[in-house]
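J.: Here you go, protein30.cif (mmCIF, C-alpha atoms):
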```
data_coords
loop_
_atom_site.group_PDB
_atom_site.id
_atom_site.type_symbol
_atom_site.label_atom_id
_atom_site.label_comp_id
_atom_site.auth_asym_id
_atom_site.auth_seq_id
_atom_site.Cartn_x
_atom_site.Cartn_y
_atom_site.Cartn_z
ATOM 1 C CA MET A 1 -6.552 25.152 -6.184
ATOM 2 C CA LYS A 2 -6.606 26.075 -2.529
ATOM 3 C CA ILE A 3 -8.603 23.583 -0.481
ATOM 4 C CA ARG A 4 -10.175 24.995 2.654
ATOM 5 C CA LYS A 5 -11.684 22.960 5.398
ATOM 6 C CA ASN A 6 -15.450 23.261 5.193
ATOM 7 C CA LYS A 7 -17.566 23.695 8.278
ATOM 8 C CA HIS A 8 -20.320 21.321 7.143
ATOM 9 C CA MET A 9 -22.084 18.857 9.355
ATOM 10 C CA LYS A 10 -21.209 15.240 8.776
ATOM 11 C CA THR A 11 -23.976 13.244 7.192
ATOM 12 C CA THR A 12 -24.422 9.491 6.876
ATOM 13 C CA LEU A 13 -24.233 7.910 3.452
ATOM 14 C CA ASP A 14 -27.839 6.709 3.591
ATOM 15 C CA GLN A 15 -28.937 10.374 3.771
ATOM 16 C CA ILE A 16 -27.194 11.283 0.516
ATOM 17 C CA ALA A 17 -27.681 8.070 -1.477
ATOM 18 C CA LYS A 18 -30.233 5.307 -1.972
ATOM 19 C CA ILE A 19 -28.243 2.137 -1.260
ATOM 20 C CA SER A 20 -29.050 -1.376 -2.436
ATOM 21 C CA ILE A 21 -27.143 -4.619 -2.973
ATOM 22 C CA GLY A 22 -26.608 -6.191 -6.398
ATOM 23 C CA ALA A 23 -28.179 -9.412 -7.652
ATOM 24 C CA SER A 24 -27.372 -12.912 -6.474
ATOM 25 C CA ILE A 25 -25.692 -14.037 -9.696
ATOM 26 C CA SER A 26 -26.115 -17.767 -9.050
ATOM 27 C CA ARG A 27 -29.863 -17.263 -8.600
ATOM 28 C CA TYR A 28 -30.082 -15.365 -11.918
ATOM 29 C CA SER A 29 -27.733 -17.660 -13.861
ATOM 30 C CA LYS A 30 -26.915 -21.215 -12.732
ATOM 31 C CA LYS A 31 -30.087 -21.811 -10.699
ATOM 32 C CA TYR A 32 -32.359 -19.974 -13.147
ATOM 33 C CA ASP A 33 -34.532 -22.211 -15.362
ATOM 34 C CA GLY A 34 -36.144 -19.500 -17.504
ATOM 35 C CA GLU A 35 -34.920 -17.802 -20.655
ATOM 36 C CA LYS A 36 -31.404 -16.362 -20.407
ATOM 37 C CA GLN A 37 -29.501 -13.661 -22.270
ATOM 38 C CA LYS A 38 -25.823 -12.936 -22.885
ATOM 39 C CA ILE A 39 -25.118 -9.784 -20.894
ATOM 40 C CA ASP A 40 -22.057 -8.180 -19.308
ATOM 41 C CA VAL A 41 -21.567 -8.775 -15.581
ATOM 42 C CA LEU A 42 -19.460 -6.504 -13.356
ATOM 43 C CA TYR A 43 -16.323 -7.839 -11.663
ATOM 44 C CA CYS A 44 -13.449 -6.228 -9.806
ATOM 45 C CA THR A 45 -9.824 -7.260 -9.381
ATOM 46 C CA VAL A 46 -7.994 -5.720 -6.438
ATOM 47 C CA ASP A 47 -8.980 -2.209 -7.477
ATOM 48 C CA GLU A 48 -9.976 -2.309 -11.146
ATOM 49 C CA PHE A 49 -13.506 -2.822 -12.367
ATOM 50 C CA TYR A 50 -14.152 -4.832 -15.540
ATOM 51 C CA THR A 51 -16.981 -6.693 -17.261
ATOM 52 C CA ARG A 52 -17.314 -10.225 -18.585
ATOM 53 C CA GLU A 53 -20.186 -11.702 -20.535
ATOM 54 C CA GLY A 54 -22.433 -14.126 -18.685
ATOM 55 C CA ASP A 55 -25.688 -16.075 -19.171
ATOM 56 C CA ILE A 56 -28.151 -14.185 -17.004
ATOM 57 C CA ALA A 57 -31.944 -14.332 -16.646
ATOM 58 C CA LYS A 58 -33.627 -12.376 -19.428
ATOM 59 C CA ASP A 59 -36.115 -10.860 -16.961
ATOM 60 C CA ILE A 60 -33.533 -9.695 -14.383
ATOM 61 C CA ASP A 61 -34.792 -6.600 -12.568
ATOM 62 C CA SER A 62 -33.334 -3.392 -14.052
ATOM 63 C CA LYS A 63 -32.447 -2.240 -10.504
ATOM 64 C CA TYR A 64 -29.506 -4.660 -10.767
ATOM 65 C CA LEU A 65 -28.162 -3.007 -13.939
ATOM 66 C CA THR A 66 -25.721 -0.099 -13.930
ATOM 67 C CA GLN A 67 -27.301 3.237 -14.769
ATOM 68 C CA LYS A 68 -25.799 6.637 -15.448
ATOM 69 C CA GLY A 69 -25.184 8.435 -12.163
ATOM 70 C CA ASP A 70 -24.795 5.249 -10.101
ATOM 71 C CA VAL A 71 -21.824 4.679 -7.837
ATOM 72 C CA ILE A 72 -20.832 1.021 -7.544
ATOM 73 C CA PHE A 73 -19.021 0.096 -4.321
ATOM 74 C CA LYS A 74 -17.159 -3.200 -3.809
ATOM 75 C CA LEU A 75 -18.085 -4.669 -0.417
ATOM 76 C CA SER A 76 -14.987 -6.855 0.103
ATOM 77 C CA GLU A 77 -11.484 -5.652 0.838
ATOM 78 C CA PRO A 78 -10.049 -3.566 -0.649
ATOM 79 C CA GLN A 79 -13.278 -1.601 -0.899
ATOM 80 C CA VAL A 80 -13.299 0.589 -4.000
ATOM 81 C CA ALA A 81 -15.924 2.606 -5.841
ATOM 82 C CA VAL A 82 -16.566 3.646 -9.428
ATOM 83 C CA ASN A 83 -19.177 5.997 -10.792
ATOM 84 C CA ILE A 84 -21.095 5.254 -13.980
ATOM 85 C CA ASP A 85 -20.987 8.151 -16.433
ATOM 86 C CA GLU A 86 -19.872 8.970 -19.964
ATOM 87 C CA ASN A 87 -16.204 8.908 -18.839
ATOM 88 C CA SER A 88 -16.485 5.585 -17.017
ATOM 89 C CA ASP A 89 -14.872 2.363 -18.201
ATOM 90 C CA ILE A 90 -18.055 0.611 -17.087
ATOM 91 C CA PRO A 91 -21.056 1.240 -19.368
ATOM 92 C CA GLU A 92 -24.736 1.292 -18.490
ATOM 93 C CA ASN A 93 -26.823 -1.926 -18.369
ATOM 94 C CA VAL A 94 -24.139 -4.127 -16.821
ATOM 95 C CA VAL A 95 -25.342 -6.642 -14.205
ATOM 96 C CA VAL A 96 -24.153 -5.787 -10.688
ATOM 97 C CA SER A 97 -23.678 -8.787 -8.397
ATOM 98 C CA SER A 98 -24.289 -8.999 -4.654
ATOM 99 C CA LYS A 99 -20.554 -8.419 -4.126
ATOM 100 C CA PHE A 100 -21.308 -4.731 -4.697
ATOM 101 C CA ALA A 101 -23.521 -2.008 -3.284
ATOM 102 C CA ILE A 102 -25.349 0.199 -5.775
ATOM 103 C CA LEU A 103 -25.543 3.820 -4.623
ATOM 104 C CA LYS A 104 -27.911 6.262 -6.273
ATOM 105 C CA PRO A 105 -26.705 9.718 -5.141
ATOM 106 C CA ILE A 106 -29.224 12.298 -3.912
ATOM 107 C CA ASP A 107 -28.045 15.919 -4.241
ATOM 108 C CA VAL A 108 -24.408 14.827 -4.466
ATOM 109 C CA ASP A 109 -22.179 14.517 -7.538
ATOM 110 C CA SER A 110 -21.578 10.827 -8.359
ATOM 111 C CA THR A 111 -17.907 11.392 -9.242
ATOM 112 C CA PHE A 112 -17.365 13.277 -5.968
ATOM 113 C CA LEU A 113 -19.083 10.472 -4.038
ATOM 114 C CA ALA A 114 -16.962 7.770 -5.718
ATOM 115 C CA GLU A 115 -13.767 9.701 -4.961
ATOM 116 C CA LEU A 116 -14.914 10.157 -1.357
ATOM 117 C CA LEU A 117 -15.509 6.400 -1.026
ATOM 118 C CA ASN A 118 -12.030 5.738 -2.471
ATOM 119 C CA SER A 119 -10.381 8.089 0.031
ATOM 120 C CA GLY A 120 -8.471 7.389 3.216
ATOM 121 C CA ILE A 121 -11.341 9.026 5.111
ATOM 122 C CA ALA A 122 -13.676 6.241 3.958
ATOM 123 C CA ARG A 123 -11.058 3.493 4.438
ATOM 124 C CA ASN A 124 -10.528 4.534 8.073
ATOM 125 C CA GLN A 125 -14.259 4.216 8.773
ATOM 126 C CA ILE A 126 -14.595 0.967 6.792
ATOM 127 C CA GLN A 127 -11.784 -0.633 8.783
ATOM 128 C CA LYS A 128 -13.934 -0.364 11.925
ATOM 129 C CA PHE A 129 -16.802 -2.242 10.234
ATOM 130 C CA SER A 130 -14.922 -4.900 8.218
ATOM 131 C CA GLU A 131 -15.494 -8.463 9.354
ATOM 132 C CA GLY A 132 -14.099 -11.911 8.646
ATOM 133 C CA ILE A 133 -11.015 -13.165 6.885
ATOM 134 C CA ILE A 134 -12.022 -11.520 3.590
ATOM 135 C CA LYS A 135 -12.882 -8.228 5.375
ATOM 136 C CA GLN A 136 -16.371 -7.697 4.002
ATOM 137 C CA ILE A 137 -18.521 -4.695 4.889
ATOM 138 C CA LYS A 138 -22.317 -5.009 5.203
ATOM 139 C CA LYS A 139 -24.916 -2.724 3.609
ATOM 140 C CA SER A 140 -25.954 -1.485 7.062
ATOM 141 C CA ASP A 141 -22.351 -0.422 7.703
ATOM 142 C CA VAL A 142 -22.070 1.303 4.307
ATOM 143 C CA GLU A 143 -25.159 3.319 5.264
ATOM 144 C CA LYS A 144 -23.421 4.510 8.469
ATOM 145 C CA LEU A 145 -20.335 5.973 6.745
ATOM 146 C CA LYS A 146 -20.141 9.691 7.582
ATOM 147 C CA PHE A 147 -18.866 12.495 5.388
ATOM 148 C CA GLU A 148 -18.918 16.258 5.133
ATOM 149 C CA ILE A 149 -20.628 17.167 1.872
ATOM 150 C CA PRO A 150 -19.758 20.571 0.403
ATOM 151 C CA SER A 151 -22.110 22.498 -1.844
ATOM 152 C CA MET A 152 -22.753 21.096 -5.325
ATOM 153 C CA GLU A 153 -20.735 24.000 -6.796
ATOM 154 C CA ALA A 154 -17.759 23.160 -4.568
ATOM 155 C CA GLN A 155 -18.100 19.446 -5.413
ATOM 156 C CA LYS A 156 -17.856 20.253 -9.135
ATOM 157 C CA LYS A 157 -14.651 22.270 -8.530
ATOM 158 C CA TYR A 158 -13.110 19.438 -6.522
ATOM 159 C CA VAL A 159 -14.127 16.906 -9.186
ATOM 160 C CA ASP A 160 -12.531 18.977 -11.972
ATOM 161 C CA THR A 161 -9.246 19.083 -10.041
ATOM 162 C CA ILE A 162 -9.414 15.395 -9.079
ATOM 163 C CA GLN A 163 -10.052 14.373 -12.693
ATOM 164 C CA LEU A 164 -6.931 16.262 -13.815
ATOM 165 C CA ILE A 165 -4.933 14.514 -11.093
ATOM 166 C CA ASN A 166 -6.387 11.116 -12.141
ATOM 167 C CA LYS A 167 -5.300 11.761 -15.748
ATOM 168 C CA GLU A 168 -1.783 12.580 -14.539
ATOM 169 C CA ILE A 169 -1.715 9.389 -12.419
ATOM 170 C CA ALA A 170 -2.847 7.306 -15.428
ATOM 171 C CA LEU A 171 -0.093 8.829 -17.588
ATOM 172 C CA GLN A 172 2.514 8.155 -14.895
ATOM 173 C CA LYS A 173 1.352 4.515 -14.595
ATOM 174 C CA LYS A 174 1.595 4.108 -18.369
ATOM 175 C CA LEU A 175 5.113 5.588 -18.337
ATOM 176 C CA ILE A 176 6.180 3.216 -15.560
ATOM 177 C CA ILE A 177 4.925 0.200 -17.540
ATOM 178 C CA GLU A 178 6.721 1.413 -20.682
ATOM 179 C CA ASN A 179 9.952 1.891 -18.713
ATOM 180 C CA MET A 180 9.644 -1.568 -17.123
ATOM 181 C CA ASN A 181 9.149 -3.096 -20.592
ATOM 182 C CA LEU A 182 12.166 -1.157 -21.901
ATOM 183 C CA LYS A 183 14.282 -2.355 -18.974
ATOM 184 C CA GLU A 184 13.221 -5.967 -19.631
ATOM 185 C CA ALA A 185 14.019 -5.598 -23.354
ATOM 186 C CA ILE A 186 17.531 -4.359 -22.493
ATOM 187 C CA ILE A 187 18.146 -7.308 -20.147
ATOM 188 C CA GLN A 188 16.841 -9.764 -22.745
ATOM 189 C CA GLU A 189 19.149 -8.202 -25.366
ATOM 190 C CA THR A 190 22.143 -8.836 -23.094
ATOM 191 C CA GLN A 191 21.153 -12.508 -23.074
ATOM 192 C CA GLY A 192 20.725 -12.788 -26.840
ATOM 193 C CA VAL A 193 16.927 -13.021 -26.599
ATOM 194 C CA GLU A 194 15.005 -11.234 -29.319
#
```
Here is the file; what I need is its structure written in the form of structure tokens.

T.:
Amino acid sequence: MKIRKNKHMKTTLDQIAKISIGASISRYSKKYDGEKQKIDVLYCTVDEFYTREGDIAKDIDSKYLTQKGDVIFKLSEPQVAVNIDENSDIPENVVVSSKFAILKPIDVDSTFLAELLNSGIARNQIQKFSEGIIKQIKKSDVEKLKFEIPSMEAQKKYVDTIQLINKEIALQKKLIIENMNLKEAIIQETQGVE
């Protein structure tokens, strides 16, 4: 696929997405006296999102739960994003903590937006805003991120290509792990370990 530079105006993120911050988990769990429920809560290692069950207020506002089409953006370094869709590892109705921004895209493909936020283009802008030892970015800074947004049709084409590349990357990572395990097994065999 030939990628041409588009002559689009740059637009700030707050013009293409409704941005909010997740729930204060301590307020909805430890400090909450009302009825609680077992529900999955979103976490992120360096760059991988995962869920873990937690005791959270039964009446937590649904705006703090993942919904199809959302893009979840980690506010601390390294900043990474994931979109919530049928292909996502993160399902709907997972509690999003205040460590994340919840972006609801407006006239932009959620997968395209997540990939954009995971790009070097975003990282270069984020670096200017990051503060403190942990390098956290504020909601107001997330809103100021600027991107060129191609047409929806072009976004879909880019997303199709990016998804193929992501599948190839995942396969390569799996192969590397298998080869590392094989190498370790060979070394252990030389030492009489079974």

J.: Which residue out of A:Lys74, A:Thr190, A:Ser110, A:Ile84 has the minimum interatomic distance to Lys138 (chain A) when only C-alpha atoms are used?

T.: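 Counting only C-alpha atoms, the residue closest to Lys138 (chain A) is A:Lys74.
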
J.: Using all atoms listed in the file for the distances, tell me which of A:Phe73, A:Phe129, A:Tyr158, A:Tyr64 is nearest to Asp109 (chain A).

T.: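 Among the listed residues, A:Tyr158 lies closest to Asp109 (chain A).
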
J.: Neighbouring residues of region 117-125 of chain A were defined as those with any atom within 7 Å, considering only C-alpha atoms; residues of the same chain fewer than 2 positions away were excluded. Please report them as a CSV table (one decimal) with C-alpha atoms, keeping the file's coordinate frame.

T.:
```
chain,number,residue,atom,x,y,z
A,80,VAL,CA,-13.3,0.6,-4.0
A,81,ALA,CA,-15.9,2.6,-5.8
A,113,LEU,CA,-19.1,10.5,-4.0
A,114,ALA,CA,-17.0,7.8,-5.7
A,115,GLU,CA,-13.8,9.7,-5.0
A,127,GLN,CA,-11.8,-0.6,8.8
A,128,LYS,CA,-13.9,-0.4,11.9
A,145,LEU,CA,-20.3,6.0,6.7
```

J.: Go through A:Phe147, A:Tyr43, A:Phe100, A:Phe49 and flag the residue nearest Gly22 (chain A), using all atoms listed in the file for the distances.

T.: A:Phe100

J.: Counting only C-alpha atoms, which of A:Ile177, A:Ile19, A:Ile187, A:Val193 gets nearest to Val71 (chain A)?

T.: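 Closest residue, counting only C-alpha atoms: A:Ile19.
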
J.: Smallest atom-to-atom distance to Leu75 (chain A): which of A:Ser62, A:Gln155, A:Gln136, A:Thr111, using all atoms listed in the file?

T.: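 Closest candidate: A:Gln136.
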
J.: Work out how far CA of Val142 (chain A) is from CA of Gln15 (chain A), in Å to one decimal.

T.: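 Interatomic distance, CA of Gln15 (chain A) to CA of Val142 (chain A): 11.4 Å.
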
J.: What separation in Å, quoted to one decimal, exists between CA of Ala23 (chain A) and CA of Ser97 (chain A)?

T.: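 Calculated distance between CA of Ala23 (chain A) and CA of Ser97 (chain A) is 4.6 Å.
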
J.: What separation in Å, quoted to one decimal, exists between CA of Glu86 (chain A) and CA of Lys146 (chain A)?

T.: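 Atom-to-atom, CA of Glu86 (chain A) and CA of Lys146 (chain A) are spaced 27.6 Å apart.
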
J.: Counting all atoms listed in the file, which of A:Leu171, A:Leu116, A:Met9, A:Val41 gets nearest to Val159 (chain A)?

T.: A:Leu116

J.: For the file shown, what are the residues hit by the PyMOL selection byres ((chain A and resi 27) around 12), laid out as a list in words?

T.: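 Selection result, ordered by chain and number: Gly22, Ala23, Ser24, Ile25, Ser26, Tyr28, Ser29, Lys30, Lys31, Tyr32, Asp33, Gly34, Lys36, Asp55, Ile56, Ala57, Ile60, Ser97 and Ser98 of chain A.
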
J.: Using the chain letters and numbers from this file, what does the PyMOL selection byres ((chain A and resi 70) around 6) select? Give the answer as a VMD selection string.

T.: chain A and resid 67 to 69 71 83 to 84 103 to 104
